[in-house]
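Participant: Please find my_file-v1.txt (compact mmCIF, C-alpha atoms) on the next line:
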# COMPACT_ATOMS: atom_id res chain seq x y z
CA MET A 221 5.33 43.59 1.12
CA SER A 222 3.24 43.38 -2.05
CA GLN A 223 4.36 42.89 -5.62
CA ALA A 224 5.62 45.74 -7.81
CA PRO A 225 2.56 47.84 -8.79
CA PHE A 226 3.45 47.72 -12.48
CA LEU A 227 3.52 43.91 -12.62
CA ASN A 228 0.50 42.46 -14.41
CA ARG A 229 0.03 38.82 -13.40
CA GLN A 230 -1.85 36.78 -15.99
CA ALA A 231 -4.59 34.27 -15.17
CA LEU A 232 -2.73 31.66 -17.21
CA TYR A 233 -1.33 28.52 -15.57
CA LEU A 234 0.64 25.54 -16.84
CA ARG A 235 0.35 22.69 -14.36
CA PRO A 236 2.00 19.26 -14.39
CA ASP A 237 -0.09 16.50 -15.94
CA PRO A 238 0.68 12.95 -14.73
CA ALA A 239 -1.35 11.51 -17.63
CA ARG A 240 1.37 12.50 -20.10
CA VAL A 241 3.81 9.60 -20.38
CA ILE A 242 6.77 8.36 -22.40
CA VAL A 243 8.37 4.91 -22.48
CA ARG A 244 11.91 4.50 -21.21
CA PRO A 245 14.15 1.45 -20.77
CA PHE A 246 13.31 -0.77 -17.82
CA LYS A 247 16.55 -2.19 -16.45
CA PRO A 248 16.30 -5.22 -14.16
CA ALA A 249 19.63 -4.12 -12.76
CA ILE A 250 21.71 -2.10 -15.21
CA GLU A 251 21.76 -1.75 -18.98
CA PRO A 252 22.09 -5.19 -20.64
CA ARG A 253 25.17 -4.21 -22.62
CA ASP A 254 26.92 -3.63 -19.27
CA LEU A 255 25.46 -6.59 -17.40
CA ASN A 256 27.53 -8.59 -14.96
CA PRO A 257 26.87 -12.36 -14.98
CA THR A 258 24.15 -12.16 -12.31
CA ASP A 259 22.30 -9.34 -14.08
CA GLN A 260 22.64 -11.02 -17.46
CA THR A 261 21.19 -14.21 -15.97
CA ARG A 262 18.17 -12.29 -14.74
CA ALA A 263 17.60 -10.73 -18.16
CA ASN A 264 17.95 -14.15 -19.77
CA HIS A 265 15.41 -15.60 -17.37
CA ILE A 266 12.85 -13.06 -18.60
CA VAL A 267 13.68 -13.92 -22.20
CA ASP A 268 13.46 -17.65 -21.45
CA ARG A 269 9.99 -17.25 -20.01
CA VAL A 270 8.79 -15.48 -23.14
CA LEU A 271 10.33 -18.14 -25.38
CA ALA A 272 8.61 -20.86 -23.39
CA LEU A 273 5.23 -19.53 -24.59
CA ASP A 274 3.76 -21.08 -27.71
CA ALA A 275 3.18 -18.89 -30.77
CA ASP A 276 -0.51 -18.30 -30.02
CA SER A 277 0.24 -17.26 -26.45
CA VAL A 278 2.96 -14.86 -27.62
CA ALA A 279 0.54 -13.26 -30.08
CA GLU A 280 -2.17 -13.09 -27.41
CA GLN A 281 0.14 -11.47 -24.87
CA LEU A 282 1.40 -8.91 -27.39
CA ALA A 283 -2.17 -8.08 -28.42
CA ASP A 284 -3.05 -7.55 -24.76
CA VAL A 285 -0.09 -5.18 -24.30
CA LEU A 286 -1.10 -3.21 -27.38
CA ASP A 287 -4.70 -3.07 -26.20
CA ASN A 288 -3.50 -1.53 -22.93
CA PHE A 289 -0.85 0.88 -24.24
CA LEU A 290 -1.23 1.59 -27.96
CA GLY A 291 -3.44 4.64 -27.48
CA ARG A 292 -0.95 6.15 -25.06
CA HIS A 293 2.07 6.24 -27.41
CA ARG A 294 3.01 6.70 -31.05
CA ASN A 295 4.66 3.85 -32.97
CA LEU A 296 4.66 1.52 -30.01
CA LEU A 297 5.66 -1.61 -31.94
CA GLU A 298 8.66 0.24 -33.33
CA LYS A 299 9.65 1.16 -29.78
CA PHE A 300 9.38 -2.50 -28.73
CA GLU A 301 11.59 -3.56 -31.63
CA ALA A 302 14.13 -0.84 -30.92
CA ARG A 303 14.34 -1.93 -27.30
CA ALA A 304 14.85 -5.53 -28.39
CA GLU A 305 17.78 -4.35 -30.53
CA GLU A 306 19.35 -2.91 -27.38
CA MET A 307 18.93 -6.27 -25.65
CA ASP A 308 21.43 -8.08 -27.88
CA CYS A 309 23.56 -9.09 -24.88
CA ALA A 310 20.60 -10.94 -23.38
CA LEU A 311 19.25 -12.27 -26.69
CA SER A 312 22.46 -13.42 -28.36
CA THR A 313 22.65 -16.67 -26.38
CA HIS A 314 19.27 -17.79 -27.70
CA ASP A 315 18.15 -19.19 -31.03
CA ALA A 316 16.43 -17.05 -33.66
CA PHE A 317 13.33 -15.15 -32.60
CA SER A 318 10.13 -14.47 -34.46
CA LYS A 319 9.23 -10.81 -34.96
CA THR A 320 6.35 -11.17 -32.51
CA GLN A 321 8.65 -12.67 -29.86
CA ARG A 322 11.15 -9.84 -30.25
CA GLN A 323 8.38 -7.25 -29.91
CA LEU A 324 7.01 -8.88 -26.77
CA ILE A 325 10.49 -9.17 -25.27
CA GLY A 326 11.07 -5.48 -26.02
CA ALA A 327 7.86 -4.67 -24.14
CA TYR A 328 9.13 -6.48 -21.05
CA PHE A 329 12.19 -4.21 -20.94
CA LEU A 330 10.30 -0.90 -21.20
CA ALA A 331 8.34 1.08 -18.63
CA GLU A 332 6.04 4.06 -18.80
CA TYR A 333 7.36 7.22 -17.18
CA SER A 334 5.20 10.20 -16.24
CA PHE A 335 7.79 12.84 -17.03
CA GLU A 336 5.92 15.82 -15.54
CA ALA A 337 4.07 14.10 -12.71
CA SER A 338 5.74 16.22 -10.02
CA ALA A 339 6.47 19.59 -11.57
CA LEU A 340 6.41 21.78 -14.69
CA PHE A 341 8.50 24.84 -13.99
CA ASN A 342 11.45 27.17 -14.69
CA PRO A 343 10.27 28.34 -18.14
CA SER A 344 12.04 30.39 -20.79
CA ILE A 345 10.43 32.05 -23.81
CA VAL A 346 11.63 32.89 -27.35
CA PRO A 347 9.97 33.93 -30.63
CA HIS A 348 8.78 30.94 -32.66
CA PRO A 349 10.91 30.26 -35.77
CA ASP A 350 7.67 29.94 -37.78
CA GLN A 351 5.57 33.10 -37.66
CA SER A 352 3.27 32.12 -40.54
CA ASP A 353 0.21 31.72 -38.30
CA ALA A 354 0.93 34.63 -35.97
CA PRO A 355 -2.04 36.91 -35.19
CA GLN A 356 -2.04 40.21 -37.06
CA GLY A 357 0.24 42.58 -35.23
CA GLY A 358 1.17 39.80 -32.81
CA LEU A 359 3.77 37.08 -32.37
CA ARG A 360 4.05 33.33 -31.93
CA PHE A 361 6.35 32.08 -29.18
CA ILE A 362 7.90 28.87 -27.87
CA LEU A 363 8.08 28.16 -24.18
CA SER A 364 10.60 25.67 -22.79
CA LEU A 365 9.90 24.09 -19.42
CA ARG A 366 11.62 21.79 -16.96
CA ALA A 367 9.49 18.72 -16.29
CA VAL A 368 10.10 16.51 -13.25
CA GLY A 369 8.77 13.01 -12.68
CA GLU A 370 9.43 10.02 -10.45
CA GLY A 371 12.87 10.02 -8.85
CA HIS A 372 13.26 13.78 -9.48
CA VAL A 373 14.53 13.19 -13.02
CA SER A 374 14.31 16.37 -15.09
CA ALA A 375 13.50 16.55 -18.81
CA LEU A 376 12.98 19.37 -21.27
CA THR A 377 9.54 19.94 -22.78
CA PHE A 378 7.87 22.67 -24.83
CA ARG A 379 4.69 24.65 -25.39
CA SER A 380 3.70 27.11 -28.09
CA GLY A 381 1.50 30.17 -27.87
CA THR A 382 0.70 33.62 -29.18
CA ILE A 383 0.93 37.22 -28.11
CA ALA A 384 -1.88 39.34 -29.56
CA ALA A 385 -1.39 42.87 -30.83
CA ASP A 386 -2.80 44.17 -27.53
CA GLY A 387 -0.35 42.03 -25.55
CA GLY A 388 -2.81 39.31 -24.57
CA LEU A 389 -1.25 35.87 -24.07
CA THR A 390 -2.57 32.50 -25.17
CA VAL A 391 -0.93 29.08 -24.79
CA ASP A 392 -1.88 26.44 -27.35
CA PRO A 393 -3.61 23.25 -26.13
CA THR A 394 -1.19 20.51 -25.12
CA ALA A 395 -1.04 17.34 -27.22
CA ARG A 396 -2.33 14.21 -25.51
CA LEU A 397 0.70 12.11 -26.53
CA ALA A 398 4.37 12.66 -25.82
CA SER A 399 7.52 11.17 -27.29
CA THR A 400 11.28 11.26 -27.02
CA PRO A 401 13.57 11.86 -30.01
CA ARG A 402 15.74 9.47 -31.98
CA VAL A 403 19.48 9.81 -31.31
CA SER A 404 20.86 10.49 -34.80
CA GLN A 405 24.51 11.06 -33.90
CA ARG A 406 26.66 10.47 -30.87
CA HIS A 407 30.41 10.86 -30.46
CA SER A 408 32.81 11.27 -27.59
CA VAL A 409 34.55 14.56 -26.83
CA PRO A 410 37.07 15.23 -24.05
CA GLU A 411 34.36 16.52 -21.70
CA GLY A 412 31.76 13.82 -22.43
CA GLU A 413 29.46 13.31 -25.40
CA ASP A 414 28.31 15.46 -28.30
CA VAL A 415 24.82 14.23 -29.23
CA ARG A 416 22.28 15.06 -31.93
CA VAL A 417 18.64 14.09 -31.52
CA GLN A 418 15.79 14.23 -34.02
CA PHE A 419 12.02 14.41 -33.54
CA ASN A 420 9.38 13.59 -36.13
CA PRO A 421 8.46 17.00 -37.63
CA ASP A 422 4.82 15.90 -37.84
CA GLU A 423 4.58 15.74 -34.06
CA HIS A 424 3.11 18.75 -32.27
CA LEU A 425 5.71 20.84 -30.45
CA SER A 426 4.20 19.95 -27.07
CA GLU A 427 4.71 16.23 -27.79
CA ARG A 428 8.49 16.64 -27.85
CA VAL A 429 10.32 15.65 -24.68
CA ILE A 430 14.11 15.70 -24.46
CA PHE A 431 14.91 13.09 -21.83
CA PRO A 432 18.48 12.49 -20.56
CA VAL A 433 20.55 10.60 -23.17
CA THR A 434 24.10 10.80 -21.76
CA ALA A 435 25.78 9.75 -18.53
CA ALA A 436 26.31 13.39 -17.52
CA GLN A 437 22.56 14.05 -17.90
CA SER A 438 21.44 10.79 -16.30
CA ASN A 439 19.47 12.42 -13.49
CA GLY A 440 18.36 15.52 -15.31
CA ILE A 441 18.43 18.21 -17.96
CA GLU A 442 17.73 21.22 -15.77
CA ASP A 443 16.79 24.87 -16.27
CA ALA A 444 17.34 25.51 -19.99
CA ARG A 445 17.81 29.21 -20.71
CA PHE A 446 16.83 29.61 -24.36
CA VAL A 447 17.75 32.65 -26.41
CA LYS A 448 17.33 33.57 -30.06
CA PHE A 449 20.87 34.33 -31.18
CA ASP A 450 21.61 36.95 -33.83
CA ASP A 451 24.52 35.60 -35.87
CA GLY A 452 23.78 37.61 -39.00
CA ARG A 453 22.19 34.72 -40.87
CA ASP A 454 18.66 34.64 -42.26
CA ALA A 455 17.71 31.48 -40.37
CA ALA A 456 17.61 32.01 -36.63
CA THR A 457 19.73 29.90 -34.30
CA TYR A 458 18.49 29.18 -30.82
CA TYR A 459 20.86 28.29 -28.00
CA ALA A 460 20.19 27.27 -24.44
CA THR A 461 22.56 26.64 -21.60
CA TYR A 462 21.33 24.05 -19.12
CA THR A 463 22.58 22.06 -16.16
CA ALA A 464 23.42 18.40 -16.73
CA TYR A 465 23.03 16.44 -13.49
CA THR A 466 24.22 12.90 -12.78
CA GLY A 467 22.59 12.71 -9.36
CA ARG A 468 25.94 13.61 -7.80
CA ALA A 469 27.70 16.12 -10.05
CA ILE A 470 26.62 19.05 -12.22
CA ARG A 471 28.07 20.81 -15.22
CA SER A 472 26.90 23.32 -17.82
CA GLU A 473 26.00 22.14 -21.32
CA LEU A 474 24.69 23.79 -24.47
CA ILE A 475 21.75 22.88 -26.69
CA GLU A 476 21.37 24.25 -30.20
CA THR A 477 18.49 24.18 -32.69
CA SER A 478 17.06 26.15 -35.59
CA ASP A 479 13.64 24.48 -35.80
CA PHE A 480 12.92 22.77 -32.43
CA VAL A 481 12.81 19.47 -34.34
CA SER A 482 16.50 18.57 -34.39
CA PHE A 483 18.81 19.47 -31.51
CA ARG A 484 22.51 19.26 -30.76
CA MET A 485 23.64 18.87 -27.14
CA ARG A 486 27.28 19.25 -26.09
CA PRO A 487 29.22 19.91 -22.90
CA LEU A 488 30.85 23.24 -22.13
CA SER A 489 34.41 23.32 -20.84
CA GLY A 490 36.57 25.76 -18.94
CA THR A 491 36.74 27.05 -15.38
CA ALA A 492 33.57 29.10 -15.76
CA ALA A 493 31.48 26.13 -16.92
CA GLN A 494 31.70 24.13 -13.70
CA ASN A 495 28.80 25.91 -12.02
CA LYS A 496 25.16 26.25 -13.07
CA GLY A 497 23.09 29.18 -14.30
CA MET A 498 25.02 30.36 -17.37
CA ALA A 499 23.07 32.63 -19.75
CA LEU A 500 24.24 33.61 -23.24
CA PHE A 501 23.89 37.14 -24.59
CA PRO A 502 21.69 37.22 -27.74
CA ARG A 503 24.55 38.47 -29.92
CA LYS A 504 28.30 38.88 -29.89
CA ILE A 505 29.79 41.92 -28.15
CA ASP A 506 32.89 43.38 -29.82
CA GLY A 507 33.16 40.22 -31.89
CA ARG A 508 33.10 37.81 -28.93
CA PHE A 509 30.49 35.57 -27.34
CA ALA A 510 29.41 36.73 -23.89
CA MET A 511 27.77 35.04 -20.89
CA ILE A 512 26.38 36.06 -17.53
CA ALA A 513 27.07 33.32 -14.98
CA ARG A 514 27.50 32.60 -11.28
CA GLN A 515 30.88 31.03 -10.54
CA ASP A 516 31.09 31.25 -6.76
CA ASN A 517 27.51 30.44 -5.70
CA GLU A 518 27.06 34.05 -4.69
CA ASN A 519 27.84 36.71 -7.33
CA LEU A 520 27.21 37.25 -11.05
CA TYR A 521 30.10 37.37 -13.51
CA LEU A 522 30.52 38.59 -17.08
CA ILE A 523 32.52 36.16 -19.23
CA TYR A 524 33.78 36.50 -22.81
CA SER A 525 34.93 33.77 -25.17
CA ASP A 526 35.95 33.32 -28.80
CA ASP A 527 34.74 29.71 -28.65
CA LEU A 528 31.11 28.99 -27.83
CA SER A 529 32.11 25.73 -26.11
CA VAL A 530 34.94 27.03 -23.88
CA TRP A 531 34.46 29.51 -21.02
CA ASN A 532 37.17 30.68 -18.64
CA GLY A 533 37.71 33.51 -16.18
CA GLY A 534 35.20 36.28 -15.75
CA GLN A 535 34.63 39.60 -14.02
CA ALA A 536 32.23 40.08 -11.12
CA VAL A 537 29.56 42.59 -12.19
CA LEU A 538 26.75 42.13 -9.64
CA LYS A 539 26.89 41.19 -5.96
CA PRO A 540 24.20 40.83 -3.28
CA GLN A 541 23.32 44.25 -1.89
CA PHE A 542 19.75 44.22 -0.59
CA PRO A 543 18.17 42.01 2.10
CA TRP A 544 16.05 39.98 -0.37
CA GLU A 545 19.27 38.78 -2.09
CA PHE A 546 21.76 38.54 0.80
CA VAL A 547 22.21 34.75 0.45
CA GLN A 548 23.01 34.77 -3.28
CA ILE A 549 22.01 36.16 -6.63
CA GLY A 550 21.82 34.60 -10.07
CA ASN A 551 20.51 35.38 -13.52
CA CYS A 552 16.98 34.63 -14.67
CA GLY A 553 17.86 34.03 -18.31
CA SER A 554 19.71 35.80 -21.09
CA PRO A 555 20.07 39.59 -21.05
CA ILE A 556 17.40 41.45 -23.06
CA GLU A 557 18.60 44.22 -25.35
CA LEU A 558 16.86 47.58 -24.90
CA ASP A 559 17.72 51.00 -26.26
CA GLU A 560 18.75 51.94 -22.74
CA GLY A 561 21.08 48.97 -22.21
CA TRP A 562 21.09 45.28 -21.36
CA LEU A 563 18.21 44.35 -19.06
CA LEU A 564 19.07 41.37 -16.90
CA LEU A 565 16.42 39.69 -14.78
CA THR A 566 17.94 38.29 -11.61
CA HIS A 567 16.91 36.03 -8.78
CA GLY A 568 17.77 36.74 -5.19
CA VAL A 569 17.67 34.40 -2.22
CA GLY A 570 16.72 35.91 1.12
CA PRO A 571 15.66 34.78 4.60
CA VAL A 572 14.23 31.25 4.93
CA ARG A 573 15.54 30.60 1.39
CA LYS A 574 12.85 32.75 -0.21
CA TYR A 575 13.47 33.30 -3.95
CA SER A 576 12.39 36.56 -5.61
CA ILE A 577 12.94 38.07 -9.07
CA GLY A 578 14.63 41.43 -9.59
CA ALA A 579 16.36 43.27 -12.45
CA ALA A 580 19.53 45.13 -13.35
CA LEU A 581 20.52 47.33 -16.28
CA PHE A 582 24.01 47.23 -17.83
CA ASP A 583 25.71 49.43 -20.40
CA LYS A 584 25.03 48.24 -23.95
CA ASP A 585 28.59 48.76 -25.20
CA ASP A 586 30.31 47.61 -22.02
CA PRO A 587 28.11 45.19 -20.02
CA SER A 588 30.60 45.22 -17.15
CA LYS A 589 29.20 48.64 -16.23
CA LEU A 590 26.13 48.49 -13.99
CA LEU A 591 23.75 51.38 -14.67
CA ALA A 592 20.90 50.59 -12.28
CA ARG A 593 19.29 47.77 -10.30
CA SER A 594 16.08 47.03 -8.41
CA ARG A 595 16.16 47.75 -4.69
CA GLU A 596 13.05 45.62 -4.19
CA PRO A 597 11.93 42.51 -6.10
CA LEU A 598 9.74 42.77 -9.15
CA VAL A 599 8.14 39.42 -8.35
CA ARG A 600 8.01 37.73 -4.98
CA PRO A 601 5.92 34.73 -3.91
CA GLU A 602 2.36 35.86 -3.23
CA PRO A 603 0.47 34.10 -0.41
CA SER A 604 -1.28 31.90 -2.99
CA GLU A 605 2.09 31.00 -4.57
CA ARG A 606 4.07 29.93 -1.52
CA GLU A 607 3.06 26.26 -1.44
CA GLY A 608 4.55 23.60 -3.69
CA TYR A 609 7.39 21.16 -4.25
CA VAL A 610 9.86 23.80 -3.03
CA PRO A 611 7.98 26.49 -1.04
CA ASN A 612 8.54 30.25 -1.30
CA VAL A 613 10.11 30.32 -4.78
CA VAL A 614 9.38 32.31 -7.92
CA TYR A 615 11.87 31.74 -10.72
CA THR A 616 12.29 32.13 -14.46
CA CYS A 617 14.86 30.96 -17.00
CA GLY A 618 14.17 33.66 -19.55
CA ALA A 619 11.82 36.49 -20.50
CA MET A 620 11.27 38.21 -23.84
CA ARG A 621 10.66 41.73 -25.07
CA TYR A 622 7.50 42.32 -27.08
CA ASP A 623 6.79 45.87 -28.20
CA ASP A 624 6.80 48.06 -25.05
CA GLN A 625 6.63 45.31 -22.48
CA ILE A 626 8.47 42.33 -21.07
CA ILE A 627 6.72 38.96 -21.28
CA LEU A 628 7.75 37.09 -18.15
CA PRO A 629 6.94 33.40 -17.72
CA TYR A 630 7.81 32.28 -14.21
CA ALA A 631 7.60 29.20 -12.02
CA VAL A 632 5.77 28.99 -8.72
CA SER A 633 7.34 26.98 -5.87
CA ASP A 634 9.03 24.61 -8.33
CA THR A 635 5.60 23.16 -9.18
CA TYR A 636 3.77 24.99 -11.98
CA SER A 637 4.27 27.99 -14.26
CA SER A 638 2.45 31.23 -14.87
CA PHE A 639 2.97 34.55 -16.68
CA ALA A 640 3.27 38.24 -15.97
CA THR A 641 3.83 41.29 -18.16
CA ILE A 642 5.78 44.42 -17.28
CA LYS A 643 5.80 47.77 -19.07
CA ILE A 644 9.43 48.53 -19.94
CA ALA A 645 9.26 52.26 -19.29
CA THR A 646 7.76 51.78 -15.84
CA LEU A 647 10.27 49.03 -15.03
CA LEU A 648 13.22 51.23 -15.94
CA GLN A 649 11.85 54.02 -13.75
CA ALA A 650 11.81 51.60 -10.82
CA LEU A 651 15.54 50.85 -11.16
CA SER A 652 18.02 53.01 -9.31
Transcribe the structure of this file into structure tokens.
Facilitator:
Amino acid sequence: MSQAPFLNRQALYLRPDPARVIVRPFKPAIEPRDLNPTDQTRANHIVDRVLALDADSVAEQLADVLDNFLGRHRNLLEKFEARAEEMDCALSTHDAFSKTQRQLIGAYFLAEYSFEASALFNPSIVPHPDQSDAPQGGLRFILSLRAVGEGHVSALTFRSGTIAADGGLTVDPTARLASTPRVSQRHSVPEGEDVRVQFNPDEHLSERVIFPVTAAQSNGIEDARFVKFDDGRDAATYYATYTAYTGRAIRSELIETSDFVSFRMRPLSGTAAQNKGMALFPRKIDGRFAMIARQDNENLYLIYSDDLSVWNGGQAVLKPQFPWEFVQIGNCGSPIELDEGWLLLTHGVGPVRKYSIGAALFDKDDPSKLLARSREPLVRPEPSEREGYVPNVVYTCGAMRYDDQIILPYAVSDTYSSFATIKIATLLQALS
């Protein structure tokens, strides 16, 4: 069966680029501050070998490292020094170091990581907080994407772009460099860690990569569903729920920003936060926060809370009904407010684990009331889109309304991302 006739696929593709790299700690065994005697001995052996070099050799080796890597990263010497600071457990047993020695030692305990070598997928889209350079009659937007590199570790990265007055889409060129943020605050909470990170505001948006910084995120920050939240203030607040993955366990967490320069990340608690795929409504309903989420790996639930960090209970509002979603359904990002109601994009899993994208419409005053839903998918994998890291999947983490159409970024087979647009009036006519 072909795609919905009103779906306009765009010839616009965002593919993973293995040339984009960050530096991350290289751990001979485990982090030096947690080393057991054997691991600490190994780290000390590396330090001893550096210290055995004479001053000229140290300078020569550091110059060679910089010659190889300086053009690939910003502020590389600062990164070397910062890594040396983290190596105190291995360095404390030695005499004083020269600055050059510390920088070279820091280099030995770092490694380049190609954060999007394998995949760039599961996008969400929101209006840019800075519309000063928007085209006349158009809009600037920010796209968040899940990037996957070696070891299937997921990070969060961004792109910017514009929507022209006629609805044409453009994505800005990607910066050559990439960098991770500085952790500005970190404190423990009952569920884990509440962390604030800060990028350099002079860096291009596409340079910013949020890599796992807590134990709960150690194997990935997955599938961020960004939404511009209307809290009645002049400055917009953007929230995104995402899945924190340790490599063994998952949980839902929340990221918050107003400028996409500084971010706060915190865990969510409650019975409804133990699964993945939570999506926040863009405003309160009857004075309460609201989420659409999947609690039982099968159905979609509506959940209310007075506390943005605590989510319990819920009411089932959408269950699998049609063959393309018999295995399970889930949301594809935050509900979109229309005059006619809340439009929710959904994903359905069918035979041979084929993922497709559909839609449902809920009452604006009472989102527990289903008004209509798609009997057939809006987007299903086309023959040219079936191959990739995970075959037969189209997926999105959030679309956006612009004028009379829906701007839909979507991922193809968990490998790359593309775009489609859908006229709202025609979409609503297709729901029953």
Participant: Just how far from atom CA of A:Leu474 is atom CA of A:Ser408, in Å to one decimal?
Facilitator: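 Atom CA of A:Leu474 lies at a distance of 15.2 Å from atom CA of A:Ser408.
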Participant: What does the structure give for the distance between atom CA of A:Ala337 and atom CA of A:Pro238, in Å to one decimal?
Facilitator: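 Atom CA of A:Pro238 lies at a distance of 4.1 Å from atom CA of A:Ala337.
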Participant: Taking all atoms listed in the file into account, name the residue in A:Ile644, A:Ala592, A:Leu363, A:Val632 that is nearest to A:Ala339.
Facilitator: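 Closest to A:Ala339, using all atoms listed in the file: A:Val632.
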Participant: Could you please determine the separation between atom CA of A:Pro571 and atom CA of A:Lys496 in Å, to one decimal place?
Facilitator: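 The value is 21.8 Å.
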Participant: Identify which of the residues A:Met485, A:Met498, A:Ala385, A:Leu330 lies closest to A:His407, counting only C-alpha atoms when measuring atom-to-atom distances.
Facilitator: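 For A:His407, the nearest of the given residues is A:Met485.
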Participant: Could you tell me which of A:Phe341, A:Tyr609, A:Phe317, A:Phe246 comes closest to A:Leu271 if we count all atoms listed in the file?
Facilitator: A:Phe317
Participant: Under the rule that only C-alpha atoms are counted, which of A:Ala536, A:Ala493, A:Val429, A:Leu590 is the nearest residue to A:Ala395?
Facilitator: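 Using only C-alpha atoms, A:Ala395 sits closest to A:Val429.
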Participant: Residues near A:Val373, anyone? I mean within 10 Å using only C-alpha atoms, not counting same-chain ones fewer than 4 positions away, as a PyMOL selection string.
Facilitator: chain A and resi 335-336+338+366-369+431-432+437-442+465-467
Participant: I want to know what sits within 12 Å of A:Gln230, based on only C-alpha atoms, with residues of the same chain fewer than 5 positions away left out; could you give that as a list of chain:residue names?
Facilitator: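 Those residues are A:Gly387, A:Gly388, A:Leu389, A:Thr390, A:Val391, A:Ile627, A:Leu628, A:Pro629, A:Tyr630, A:Ser637, A:Ser638, A:Phe639, A:Ala640, A:Thr641, A:Ile642.
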Participant: Could you tell me, as an mmCIF file with C-alpha atoms, in the frame of the given file, which residues have any atom at most 12 Å from (12.0, -3.9, -18.4), counting only C-alpha atoms?
Facilitator:
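Saved as result32.cif:
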data_model
loop_
_atom_site.group_PDB
_atom_site.id
_atom_site.type_symbol
_atom_site.label_atom_id
_atom_site.label_comp_id
_atom_site.auth_asym_id
_atom_site.auth_seq_id
_atom_site.Cartn_x
_atom_site.Cartn_y
_atom_site.Cartn_z
ATOM 1 C CA VAL A 243 8.370 4.910 -22.480
ATOM 2 C CA ARG A 244 11.910 4.500 -21.210
ATOM 3 C CA PRO A 245 14.150 1.450 -20.770
ATOM 4 C CA PHE A 246 13.310 -0.770 -17.820
ATOM 5 C CA LYS A 247 16.550 -2.190 -16.450
ATOM 6 C CA PRO A 248 16.300 -5.220 -14.160
ATOM 7 C CA ALA A 249 19.630 -4.120 -12.760
ATOM 8 C CA ILE A 250 21.710 -2.100 -15.210
ATOM 9 C CA GLU A 251 21.760 -1.750 -18.980
ATOM 10 C CA PRO A 252 22.090 -5.190 -20.640
ATOM 11 C CA ARG A 262 18.170 -12.290 -14.740
ATOM 12 C CA ALA A 263 17.600 -10.730 -18.160
ATOM 13 C CA ASN A 264 17.950 -14.150 -19.770
ATOM 14 C CA ILE A 266 12.850 -13.060 -18.600
ATOM 15 C CA VAL A 267 13.680 -13.920 -22.200
ATOM 16 C CA PHE A 300 9.380 -2.500 -28.730
ATOM 17 C CA ARG A 303 14.340 -1.930 -27.300
ATOM 18 C CA ALA A 304 14.850 -5.530 -28.390
ATOM 19 C CA GLU A 306 19.350 -2.910 -27.380
ATOM 20 C CA MET A 307 18.930 -6.270 -25.650
ATOM 21 C CA LEU A 324 7.010 -8.880 -26.770
ATOM 22 C CA ILE A 325 10.490 -9.170 -25.270
ATOM 23 C CA GLY A 326 11.070 -5.480 -26.020
ATOM 24 C CA ALA A 327 7.860 -4.670 -24.140
ATOM 25 C CA TYR A 328 9.130 -6.480 -21.050
ATOM 26 C CA PHE A 329 12.190 -4.210 -20.940
ATOM 27 C CA LEU A 330 10.300 -0.900 -21.200
ATOM 28 C CA ALA A 331 8.340 1.080 -18.630
ATOM 29 C CA GLU A 332 6.040 4.060 -18.800
#
Participant: Point out the residue among A:Ser529, A:Ser594, A:Gln515, A:Gln625 with the least atom-to-atom distance to A:Ser489, counting all atoms listed in the file.
Facilitator: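 Counting all atoms listed in the file, the residue closest to A:Ser489 is A:Ser529.
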Participant: Fewer than 4 positions away in the same chain doesn't count, so skip those; otherwise give me all residues within 6 Å of stretch 443-458 of chain A, counting all atoms listed in the file, as a PyMOL selection string.
Facilitator: chain A and resi 344+462+476-478+502-503+553+617-618
Participant: Write out as JSON an axis-aligned box for stretch 331-344 of chain A: all of its atoms listed in the file, 6 Å added on each side, centre and edge lengths in Å with one decimal.
Facilitator:
{"center_x": 8.1, "center_y": 15.7, "center_z": -15.4, "size_x": 20.0, "size_y": 41.3, "size_z": 22.8}
Participant: Mind writing stretch 512-518 of chain A to a file for me, with N, CA and C atoms, as a PDB file, in the first residue's frame?
Facilitator:
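Result saved to decode-v4.pdb:
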ATOM      1  N   ILE A 512       1.065  12.360  27.568  1.00  0.00           N
ATOM      2  CA  ILE A 512       0.651  11.131  26.899  1.00  0.00           C
ATOM      3  C   ILE A 512       1.818  10.161  27.028  1.00  0.00           C
ATOM      4  N   ALA A 513       1.553   8.938  27.471  1.00  0.00           N
ATOM      5  CA  ALA A 513       2.648   7.985  27.689  1.00  0.00           C
ATOM      6  C   ALA A 513       2.150   6.564  27.497  1.00  0.00           C
ATOM      7  N   ARG A 514       3.104   5.649  27.311  1.00  0.00           N
ATOM      8  CA  ARG A 514       2.785   4.231  27.216  1.00  0.00           C
ATOM      9  C   ARG A 514       3.321   3.539  28.463  1.00  0.00           C
ATOM     10  N   GLN A 515       2.449   3.007  29.279  1.00  0.00           N
ATOM     11  CA  GLN A 515       2.854   2.396  30.543  1.00  0.00           C
ATOM     12  C   GLN A 515       2.977   0.888  30.477  1.00  0.00           C
ATOM     13  N   ASP A 516       2.293   0.259  29.526  1.00  0.00           N
ATOM     14  CA  ASP A 516       2.208  -1.202  29.529  1.00  0.00           C
ATOM     15  C   ASP A 516       2.791  -1.824  28.263  1.00  0.00           C
ATOM     16  N   ASN A 517       3.611  -1.035  27.536  1.00  0.00           N
ATOM     17  CA  ASN A 517       4.224  -1.508  26.290  1.00  0.00           C
ATOM     18  C   ASN A 517       3.202  -1.837  25.211  1.00  0.00           C
ATOM     19  N   GLU A 518       2.007  -1.278  25.340  1.00  0.00           N
ATOM     20  CA  GLU A 518       0.985  -1.635  24.360  1.00  0.00           C
ATOM     21  C   GLU A 518       0.033  -0.484  24.048  1.00  0.00           C
TER      22      GLU A 518
END
